[in-house]
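K.L.:
The file below is my_file.txt, compact mmCIF, C-alpha atoms:
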# COMPACT_ATOMS: atom_id res chain seq x y z
CA MET A 255 -6.46 -61.02 12.68
CA SER A 256 -9.17 -63.66 12.89
CA LEU A 257 -12.51 -63.40 11.09
CA LYS A 258 -14.26 -62.91 14.43
CA GLN A 259 -11.91 -60.07 15.35
CA ALA A 260 -12.32 -58.45 11.95
CA LEU A 261 -16.11 -58.56 12.23
CA TRP A 262 -15.97 -57.15 15.75
CA LEU A 263 -13.74 -54.31 14.65
CA SER A 264 -15.93 -53.53 11.63
CA LEU A 265 -19.02 -53.29 13.82
CA ALA A 266 -17.19 -51.13 16.34
CA CYS A 267 -15.96 -48.78 13.62
CA LEU A 268 -19.41 -48.50 12.03
CA ALA A 269 -20.96 -47.71 15.40
CA THR A 270 -18.28 -45.15 16.16
CA VAL A 271 -18.61 -43.40 12.80
CA PHE A 272 -22.32 -43.00 13.54
CA ILE A 273 -21.60 -41.72 17.05
CA ALA A 274 -18.80 -39.42 15.92
CA ARG A 275 -20.97 -37.82 13.25
CA ARG A 276 -23.55 -37.07 15.91
CA THR A 277 -20.91 -36.05 18.44
CA PHE A 278 -19.30 -33.37 16.31
CA ALA A 279 -22.28 -32.26 14.31
CA SER A 280 -25.78 -31.69 15.65
CA ASP A 281 -26.40 -34.31 18.35
CA PRO A 282 -27.92 -32.60 21.40
CA SER A 283 -26.58 -35.33 23.67
CA ARG A 284 -23.67 -34.04 25.70
CA GLY A 285 -22.49 -37.58 26.42
CA ALA A 286 -21.68 -38.59 22.84
CA LEU A 287 -17.93 -37.99 23.18
CA TRP A 288 -17.83 -40.36 26.13
CA ARG A 289 -19.38 -43.10 23.98
CA VAL A 290 -16.62 -42.63 21.42
CA VAL A 291 -14.04 -42.99 24.20
CA GLU A 292 -15.72 -46.20 25.36
CA THR A 293 -15.56 -47.60 21.83
CA CYS A 294 -11.84 -46.82 21.51
CA VAL A 295 -11.08 -48.38 24.90
CA ALA A 296 -13.06 -51.51 24.02
CA ALA A 297 -11.18 -51.89 20.71
CA LYS A 298 -7.85 -51.49 22.49
CA ARG A 299 -8.67 -54.09 25.12
CA ALA A 300 -10.15 -56.62 22.71
CA LEU A 301 -7.89 -56.26 19.67
CA ASN A 302 -5.01 -54.03 20.81
CA VAL A 303 -5.91 -51.39 18.22
CA SER A 304 -6.69 -47.72 18.87
CA LEU A 305 -9.23 -47.25 16.06
CA PRO A 306 -11.16 -45.08 15.61
CA CYS A 307 -9.00 -43.01 17.97
CA VAL A 308 -5.47 -42.02 17.05
CA GLN A 309 -4.01 -43.36 20.30
CA VAL A 310 -5.28 -45.16 23.39
CA ASN A 311 -3.36 -45.30 26.66
CA LEU A 312 -5.20 -47.46 29.18
CA GLY A 313 -3.04 -46.25 32.06
CA GLN A 314 -1.02 -48.33 34.47
CA HIS A 315 0.55 -48.28 37.92
CA GLY A 316 -1.99 -45.76 39.15
CA SER A 317 -1.57 -43.42 36.17
CA PRO A 318 -4.90 -42.48 34.53
CA GLY A 319 -5.63 -43.46 30.94
CA THR A 320 -6.29 -41.15 27.99
CA VAL A 321 -7.29 -41.35 24.35
CA VAL A 322 -6.25 -39.06 21.51
CA LEU A 323 -8.70 -38.46 18.68
CA ARG A 324 -9.41 -36.00 15.89
CA PRO A 325 -12.80 -34.49 15.10
CA PRO A 326 -13.86 -35.34 11.52
CA TRP A 327 -12.84 -32.89 8.80
CA LYS A 328 -10.38 -31.10 11.09
CA GLU A 329 -6.82 -31.12 9.78
CA THR A 330 -4.83 -30.27 12.90
CA HIS A 331 -7.43 -30.11 15.71
CA THR A 332 -6.72 -32.88 18.24
CA LEU A 333 -8.52 -33.90 21.44
CA VAL A 334 -7.02 -35.56 24.53
CA VAL A 335 -9.73 -37.24 26.63
CA PRO A 336 -9.51 -39.21 29.90
CA THR A 337 -10.69 -42.81 29.89
CA ALA A 338 -12.26 -42.11 33.29
CA ARG A 339 -15.69 -40.48 33.43
CA LEU A 340 -14.99 -36.82 34.26
CA VAL A 341 -17.69 -34.29 33.47
CA GLY A 342 -15.37 -31.37 32.75
CA ILE A 343 -12.96 -28.84 34.20
CA GLU A 344 -15.10 -28.45 37.34
CA ALA A 345 -14.85 -32.15 38.34
CA PRO A 346 -13.59 -32.20 41.98
CA THR A 347 -11.36 -35.21 41.25
CA LEU A 348 -9.19 -33.01 39.03
CA GLN A 349 -8.12 -30.97 42.04
CA GLN A 350 -6.57 -34.06 43.64
CA PRO A 351 -3.03 -35.44 43.10
CA GLY A 352 -2.65 -37.38 39.85
CA ALA A 353 -4.60 -35.02 37.60
CA GLU A 354 -1.34 -33.55 36.29
CA ALA A 355 -1.07 -36.71 34.18
CA TYR A 356 -3.73 -35.31 31.85
CA TRP A 357 -1.52 -32.32 31.09
CA GLN A 358 1.43 -34.66 30.49
CA ALA A 359 -0.69 -36.55 27.96
CA ALA A 360 -1.77 -33.30 26.30
CA LEU A 361 1.83 -32.08 26.03
CA ALA A 362 2.81 -35.37 24.39
CA ALA A 363 -0.17 -35.14 21.99
CA ARG A 364 1.14 -31.90 20.50
CA ARG A 365 3.17 -34.05 18.12
CA PHE A 366 -0.07 -35.11 16.38
CA VAL A 367 -0.76 -31.46 15.56
CA ILE A 368 2.74 -31.09 14.10
CA GLU A 369 2.33 -34.27 12.06
CA ALA A 370 -1.04 -33.11 10.70
CA ALA A 371 0.53 -29.77 9.76
CA LYS A 372 3.29 -31.70 7.98
CA GLY A 373 5.94 -30.14 10.17
CA ARG A 374 5.04 -26.57 9.22
CA VAL A 375 4.53 -25.57 12.86
CA ARG A 376 6.94 -25.81 15.75
CA LEU A 377 6.24 -27.58 19.03
CA GLU A 378 6.25 -24.26 20.88
CA ASP A 379 3.52 -22.95 18.55
CA VAL A 380 0.98 -25.59 19.62
CA GLY A 381 -1.45 -24.60 22.37
CA LEU A 382 -3.80 -26.48 24.69
CA ALA A 383 -7.23 -25.41 25.90
CA ILE A 384 -10.21 -26.53 28.00
CA ASN A 385 -13.54 -24.71 27.79
CA SER A 386 -15.93 -23.84 30.60
CA ARG A 387 -19.20 -25.70 31.13
CA GLY A 388 -21.19 -22.95 29.40
CA SER A 389 -19.18 -23.03 26.17
CA ARG A 390 -18.46 -26.73 25.74
CA THR A 391 -20.71 -29.11 23.81
CA GLN A 392 -19.75 -32.34 25.60
CA ASP A 393 -19.80 -33.25 29.28
CA GLN A 394 -16.60 -35.28 29.24
CA LEU A 395 -13.33 -33.54 30.00
CA HIS A 396 -11.35 -32.96 26.83
CA ILE A 397 -8.23 -30.92 26.16
CA HIS A 398 -8.05 -29.25 22.77
CA ALA A 399 -4.62 -29.24 21.11
CA ASP A 400 -4.04 -27.18 17.99
CA CYS A 401 -2.04 -24.32 16.55
CA ALA A 402 -1.94 -21.31 18.86
CA HIS A 403 -3.45 -18.13 17.49
CA PRO A 404 -0.46 -16.09 16.26
CA GLU A 405 -1.80 -12.83 17.72
CA VAL A 406 -2.21 -14.47 21.12
CA LEU A 407 1.37 -15.75 21.04
CA ALA A 408 2.66 -12.36 19.95
CA VAL A 409 0.92 -10.37 22.68
CA LEU A 410 1.86 -12.87 25.40
CA ARG A 411 5.51 -12.68 24.40
CA GLN A 412 5.36 -8.89 24.34
CA HIS A 413 4.14 -8.91 27.95
CA ASP A 414 6.27 -11.82 29.13
CA ALA A 415 7.87 -9.82 31.97
CA GLU A 416 4.44 -9.12 33.49
CA LEU A 417 3.63 -12.78 34.15
CA GLY A 418 4.96 -14.53 37.23
CA SER A 419 4.02 -17.28 39.68
CA THR A 420 0.82 -15.59 40.94
CA TRP A 421 -2.31 -14.90 38.93
CA GLN A 422 -2.32 -11.50 37.22
CA PRO A 423 -5.15 -9.88 35.22
CA LEU A 424 -4.29 -9.78 31.52
CA GLU A 425 -6.06 -6.70 30.27
CA PHE A 426 -3.96 -6.74 27.11
CA LEU A 427 -5.74 -9.88 25.90
CA GLN A 428 -9.01 -7.94 25.86
CA SER A 429 -7.51 -5.78 23.11
CA LEU A 430 -7.70 -8.70 20.69
CA GLY A 431 -10.88 -8.11 18.76
CA PHE A 432 -11.69 -11.75 18.02
CA LEU A 433 -12.12 -12.68 21.72
CA GLN A 434 -15.42 -12.49 23.58
CA ASP A 435 -15.75 -9.32 25.64
CA ASN A 436 -17.79 -11.00 28.41
CA GLN A 437 -14.82 -12.79 29.96
CA ARG A 438 -11.75 -11.76 31.95
CA PHE A 439 -8.30 -13.22 31.52
CA PHE A 440 -5.71 -14.03 34.16
CA GLY A 441 -2.29 -15.55 33.68
CA ILE A 442 0.76 -17.06 35.33
CA ARG A 443 4.12 -18.16 33.98
CA ILE A 444 5.45 -21.48 35.24
CA ALA A 445 8.64 -23.44 34.70
CA ALA A 446 8.57 -26.07 31.97
CA ASP A 447 8.62 -29.02 34.38
CA GLU A 448 5.73 -27.65 36.47
CA LEU A 449 3.02 -28.35 33.91
CA GLY A 450 3.47 -32.10 34.27
CA THR A 451 4.23 -32.12 38.01
CA SER A 452 2.06 -29.35 39.45
CA ASN A 453 -1.73 -29.64 39.43
CA ILE A 454 -2.91 -26.80 37.20
CA PHE A 455 -6.55 -27.62 37.96
CA GLU A 456 -5.92 -27.01 41.66
CA ARG A 457 -4.06 -23.79 40.95
CA LEU A 458 -7.12 -22.49 39.11
CA THR A 459 -9.01 -22.50 42.41
CA HIS A 460 -6.67 -19.71 43.57
CA LEU A 461 -7.80 -17.29 40.89
CA PRO A 462 -8.81 -13.83 42.19
CA GLY A 463 -12.24 -14.10 43.73
CA ASP A 464 -11.56 -17.51 45.35
CA ARG A 465 -13.15 -19.43 42.48
CA ARG A 466 -13.71 -22.85 44.02
CA ASP A 467 -16.34 -23.63 41.38
CA LEU A 468 -14.44 -23.90 38.11
CA SER A 469 -17.49 -24.46 35.90
CA ARG A 470 -17.24 -20.81 34.74
CA VAL A 471 -13.52 -21.04 33.99
CA GLY A 472 -11.63 -22.10 30.88
CA VAL A 473 -7.87 -22.57 30.70
CA ALA A 474 -5.25 -22.48 27.95
CA VAL A 475 -1.54 -23.29 27.95
CA PHE A 476 1.15 -21.96 25.61
CA SER A 477 4.91 -22.35 25.46
CA ALA A 478 6.83 -19.34 26.76
CA PRO A 479 10.24 -18.35 25.41
CA PRO A 480 13.29 -18.91 27.64
CA ASN A 481 14.12 -16.19 30.14
CA GLY A 482 16.33 -15.98 33.22
CA SER A 483 14.37 -18.85 34.76
CA GLY A 484 14.62 -21.05 31.68
CA GLN A 485 11.94 -22.49 29.41
CA GLY A 486 8.38 -22.16 30.63
CA PHE A 487 4.66 -22.09 29.91
CA TYR A 488 1.96 -19.45 30.06
CA VAL A 489 -1.19 -20.67 31.82
CA ILE A 490 -4.15 -18.46 30.85
CA ALA A 491 -7.47 -18.61 32.69
CA ALA A 492 -10.61 -17.25 31.01
CA SER A 493 -13.33 -16.42 33.54
CA GLY A 494 -16.96 -15.78 32.69
CA ARG A 495 -20.28 -17.57 32.31
CA ASP A 496 -19.48 -18.85 28.81
CA SER A 497 -15.70 -18.41 28.86
CA GLN A 498 -14.10 -20.19 25.92
CA ALA A 499 -10.36 -20.69 26.18
CA GLU A 500 -10.47 -22.53 22.86
CA ASP A 501 -10.79 -19.13 21.16
CA LEU A 502 -7.11 -18.61 21.93
CA LEU A 503 -6.29 -21.42 19.50
CA ASP A 504 -6.41 -21.19 15.72
CA HIS A 505 -8.06 -24.20 14.08
CA SER A 506 -7.30 -22.75 10.64
CA CYS A 507 -3.63 -22.88 11.66
CA MET A 508 -2.34 -19.64 10.15
CA LEU A 509 1.07 -20.54 11.56
CA ALA A 510 1.22 -23.52 9.20
CA ARG A 511 0.56 -21.10 6.33
CA GLY A 512 3.55 -18.98 7.23
CA VAL A 513 1.99 -16.36 9.50
CA ALA A 514 4.57 -16.06 12.27
CA ALA A 515 3.60 -15.04 15.78
CA ASP A 516 6.09 -12.17 15.70
CA ASP A 517 4.77 -10.94 12.33
CA SER A 518 1.22 -10.80 13.65
CA SER A 519 2.20 -8.45 16.44
CA ALA A 520 1.70 -5.51 14.08
CA ASN A 521 -2.05 -6.24 14.19
CA VAL A 522 -2.24 -6.31 17.98
CA GLN A 523 -3.85 -3.27 19.56
CA ARG A 524 -1.78 -2.23 22.53
CA PRO A 525 -3.61 -1.22 25.70
With the file now loaded, output its structure as structure tokens.
P.N.:
Amino acid sequence: MSLKQALWLSLACLATVFIARRTFASDPSRGALWRVVETCVAAKRALNVSLPCVQVNLGQHGSPGTVVLRPPWKETHTLVVPTARLVGIEAPTLQQPGAEAYWQAALAARRFVIEAAKGRVRLEDVGLAINSRGSRTQDQLHIHADCAHPEVLAVLRQHDAELGSTWQPLEFLQSLGFLQDNQRFFGIRIAADELGTSNIFERLTHLPGDRRDLSRVGVAVFSAPPNGSGQGFYVIAASGRDSQAEDLLDHSCMLARGVAADDSSANVQRP
């Protein structure tokens, strides 16, 4: 690396550290995350390095780009963010063909959670989530990847037979005391290959109530155990003014500390 490149990278990193501290701490600006993304993309284009992000994919052949980054002081919490300017889950562009690529990137990024947990969690125990406009802090689409909450996994697996290809109300999730009571949950079960080929954002517009405006909707995705139809995923929609699908994840990663999803089922209140 030349001296000029080294100086450029040092300045970029210093600027990003400043931005990141504001982004994930107390900065009121809801565009700070986007500035971090811009810094990572610039470093990738100029020096072919991903710093300060973990990974930068600029996209090619019509496929959109994404970056993977970790919030400071978070061991397993990982974010997958488009390199295109997209305000959030309600962005109309996401309901068009091609948006499934963001879910493909998020599925691939689960490995960073496993690496951070030093292999103490399985791939199927990593969940993905996007918050609604009212509960997010940044106006740039970002998919949270982290350990799934063990009680959430347990109750979903208990009710596996109730989830199919059409949206169903999930009253049993309301029995989990740590979730907000001002939101409703709906769910579907899809085949494993659908998450990367079917547009989940578009399918959210078919939620009960004809919810064309997704600004009040959050969404989470978890691996489902094999059944007669094979391996699959649960897609959970949280609907409400400040719905926060991220609450279905566990940033303390109890699973990495040996709390199995099946073991936690004893603490789940059944409806």
K.L.:
As a ChimeraX atom specification, please: the residues near Ile384 (chain A) (cut-off 8 Å, all atoms listed in the file, same-chain neighbours under 6 positions excluded).
P.N.:
/A:343,395-398,472-474,498-500
K.L.:
Name the closest residue to Phe487 (chain A) among the candidates A:Leu417, A:Ala399, A:Val335, A:Ala446; distances are taken between atoms, counting only C-alpha atoms.
P.N.:
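Ranked by minimum distance to Phe487 (chain A), first place goes to A:Ala446.
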K.L.:
Please report the interatomic distance between CA of Gln358 (chain A) and CA of Glu416 (chain A) in Å with one decimal.
P.N.:
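One can read the CA of Gln358 (chain A) to CA of Glu416 (chain A) distance as 25.9 Å.
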K.L.:
Which residue gives the smallest distance to Ala338 (chain A) among A:Val303, A:Ala402, A:Val295, A:Ala408, with all atoms listed in the file counted?
P.N.:
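The answer is A:Val295, which sits nearest to Ala338 (chain A).
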K.L.:
Using all atoms listed in the file, which residue out of A:Ser429, A:Gln422, A:Gln392, A:Gln485 lies closest to Val409 (chain A)?
P.N.:
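Comparing A:Ser429, A:Gln422, A:Gln392, A:Gln485 against Val409 (chain A), the winner is A:Ser429.
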K.L.:
Could you check which residues have any atom within 12 Å of (-0.3, -33.8, 28.9), counting all atoms listed in the file with coordinates taken straight from the file, and then list them as a PDB file with C-alpha atoms, in the frame of the given file?
P.N.:
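Output saved as out-v5.pdb:
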ATOM      1  CA  PRO A 318      -4.900 -42.480  34.530  1.00  0.00           C
ATOM      2  CA  GLY A 319      -5.630 -43.460  30.940  1.00  0.00           C
ATOM      3  CA  THR A 320      -6.290 -41.150  27.990  1.00  0.00           C
ATOM      4  CA  VAL A 321      -7.290 -41.350  24.350  1.00  0.00           C
ATOM      5  CA  VAL A 322      -6.250 -39.060  21.510  1.00  0.00           C
ATOM      6  CA  LEU A 333      -8.520 -33.900  21.440  1.00  0.00           C
ATOM      7  CA  VAL A 334      -7.020 -35.560  24.530  1.00  0.00           C
ATOM      8  CA  VAL A 335      -9.730 -37.240  26.630  1.00  0.00           C
ATOM      9  CA  PRO A 336      -9.510 -39.210  29.900  1.00  0.00           C
ATOM     10  CA  GLY A 352      -2.650 -37.380  39.850  1.00  0.00           C
ATOM     11  CA  ALA A 353      -4.600 -35.020  37.600  1.00  0.00           C
ATOM     12  CA  GLU A 354      -1.340 -33.550  36.290  1.00  0.00           C
ATOM     13  CA  ALA A 355      -1.070 -36.710  34.180  1.00  0.00           C
ATOM     14  CA  TYR A 356      -3.730 -35.310  31.850  1.00  0.00           C
ATOM     15  CA  TRP A 357      -1.520 -32.320  31.090  1.00  0.00           C
ATOM     16  CA  GLN A 358       1.430 -34.660  30.490  1.00  0.00           C
ATOM     17  CA  ALA A 359      -0.690 -36.550  27.960  1.00  0.00           C
ATOM     18  CA  ALA A 360      -1.770 -33.300  26.300  1.00  0.00           C
ATOM     19  CA  LEU A 361       1.830 -32.080  26.030  1.00  0.00           C
ATOM     20  CA  ALA A 362       2.810 -35.370  24.390  1.00  0.00           C
ATOM     21  CA  ALA A 363      -0.170 -35.140  21.990  1.00  0.00           C
ATOM     22  CA  ARG A 364       1.140 -31.900  20.500  1.00  0.00           C
ATOM     23  CA  ARG A 365       3.170 -34.050  18.120  1.00  0.00           C
ATOM     24  CA  GLY A 381      -1.450 -24.600  22.370  1.00  0.00           C
ATOM     25  CA  LEU A 382      -3.800 -26.480  24.690  1.00  0.00           C
ATOM     26  CA  ALA A 383      -7.230 -25.410  25.900  1.00  0.00           C
ATOM     27  CA  HIS A 396     -11.350 -32.960  26.830  1.00  0.00           C
ATOM     28  CA  ILE A 397      -8.230 -30.920  26.160  1.00  0.00           C
ATOM     29  CA  HIS A 398      -8.050 -29.250  22.770  1.00  0.00           C
ATOM     30  CA  ALA A 399      -4.620 -29.240  21.110  1.00  0.00           C
ATOM     31  CA  ASP A 447       8.620 -29.020  34.380  1.00  0.00           C
ATOM     32  CA  GLU A 448       5.730 -27.650  36.470  1.00  0.00           C
ATOM     33  CA  LEU A 449       3.020 -28.350  33.910  1.00  0.00           C
ATOM     34  CA  GLY A 450       3.470 -32.100  34.270  1.00  0.00           C
ATOM     35  CA  THR A 451       4.230 -32.120  38.010  1.00  0.00           C
ATOM     36  CA  SER A 452       2.060 -29.350  39.450  1.00  0.00           C
ATOM     37  CA  ASN A 453      -1.730 -29.640  39.430  1.00  0.00           C
ATOM     38  CA  ILE A 454      -2.910 -26.800  37.200  1.00  0.00           C
ATOM     39  CA  VAL A 475      -1.540 -23.290  27.950  1.00  0.00           C
TER      40      VAL A 475
END
K.L.:
Can you pull out every residue within 9 Å of region 479-482 of chain A, counting all atoms listed in the file, but drop anything in the same chain fewer than 5 positions away, and send it as a PyMOL selection string?
P.N.:
chain A and resi 378+411+414+487
K.L.:
Using all atoms listed in the file, can you tell me which of A:Val310, A:Ala345, A:Ala510, A:Ala370 comes closest to His331 (chain A)?
P.N.:
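Using all atoms listed in the file, the shortest distance to His331 (chain A) belongs to A:Ala370.
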K.L.:
Take CA of Ala478 (chain A) and CA of Phe432 (chain A) and report the distance between them in Å, one decimal.
P.N.:
21.8 Å
K.L.:
Between CA of Ile490 (chain A) and CA of Ser283 (chain A), what is the distance, to one decimal in Å?
P.N.:
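Separating CA of Ile490 (chain A) from CA of Ser283 (chain A) is a distance of 29.0 Å.
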K.L.:
Using all atoms listed in the file - which residues lie no farther than 10 Å from the point (-6.0, -32.4, 10.0) in the file's frame? Write them as a list in words.
P.N.:
Arg324, Pro325, Pro326, Trp327, Lys328, Glu329, Thr330, His331, Thr332, Phe366, Val367, Ile368, Glu369, Ala370, Ala371, Lys372, Asp400, His505, Ser506 and Cys507 of chain A
K.L.:
Between A:Asn311, A:Gln434, A:Thr347, A:Gln428, which has the minimum distance to Ser389 (chain A) (counting all atoms listed in the file)?
P.N.:
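Between A:Asn311, A:Gln434, A:Thr347, A:Gln428, the residue approaching Ser389 (chain A) most closely is A:Gln434.
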K.L.:
Hey, which of A:His413, A:Arg299, A:Arg511, A:Arg284 ends up closest to Arg443 (chain A)? Count all atoms listed in the file.
P.N.:
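Checking each of A:His413, A:Arg299, A:Arg511, A:Arg284 against Arg443 (chain A), counting all atoms listed in the file, the winner is A:His413.
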K.L.:
If I only have part of region 369-385 of chain A, can you fill in N, CA and C atoms and write it as a compact mmCIF listing (two decimals), in the frame of the given file?
P.N.:
# COMPACT_ATOMS: atom_id res chain seq x y z
N GLU A 369 2.40 -33.30 13.16
CA GLU A 369 2.33 -34.27 12.06
C GLU A 369 1.24 -33.89 11.08
N ALA A 370 0.07 -33.48 11.59
CA ALA A 370 -1.04 -33.11 10.70
C ALA A 370 -0.69 -31.87 9.89
N ALA A 371 0.12 -30.98 10.47
CA ALA A 371 0.53 -29.77 9.76
C ALA A 371 1.76 -30.02 8.89
N LYS A 372 2.15 -31.30 8.81
CA LYS A 372 3.29 -31.70 7.98
C LYS A 372 4.57 -30.95 8.36
N GLY A 373 4.72 -30.75 9.67
CA GLY A 373 5.94 -30.14 10.17
C GLY A 373 6.04 -28.65 9.95
N ARG A 374 4.97 -27.99 9.51
CA ARG A 374 5.04 -26.57 9.22
C ARG A 374 4.84 -25.69 10.46
N VAL A 375 4.59 -26.31 11.61
CA VAL A 375 4.53 -25.57 12.86
C VAL A 375 5.52 -26.18 13.84
N ARG A 376 6.00 -25.35 14.75
CA ARG A 376 6.94 -25.81 15.75
C ARG A 376 6.19 -26.28 17.00
N LEU A 377 6.86 -27.08 17.80
CA LEU A 377 6.24 -27.58 19.03
C LEU A 377 5.79 -26.43 19.91
N GLU A 378 6.60 -25.38 20.01
CA GLU A 378 6.25 -24.26 20.88
C GLU A 378 5.11 -23.40 20.33
N ASP A 379 4.65 -23.69 19.13
CA ASP A 379 3.52 -22.95 18.55
C ASP A 379 2.21 -23.71 18.66
N VAL A 380 2.20 -24.81 19.40
CA VAL A 380 0.98 -25.59 19.62
C VAL A 380 0.45 -25.27 21.01
N GLY A 381 -0.83 -24.93 21.10
CA GLY A 381 -1.45 -24.60 22.37
C GLY A 381 -2.44 -25.65 22.82
N LEU A 382 -2.83 -25.56 24.09
CA LEU A 382 -3.80 -26.48 24.69
C LEU A 382 -4.91 -25.66 25.32
N ALA A 383 -6.13 -26.18 25.33
CA ALA A 383 -7.23 -25.41 25.90
C ALA A 383 -8.35 -26.32 26.39
N ILE A 384 -9.00 -25.88 27.47
CA ILE A 384 -10.21 -26.53 28.00
C ILE A 384 -11.26 -25.44 28.17
N ASN A 385 -12.47 -25.69 27.70
CA ASN A 385 -13.54 -24.71 27.79
C ASN A 385 -14.33 -24.85 29.09
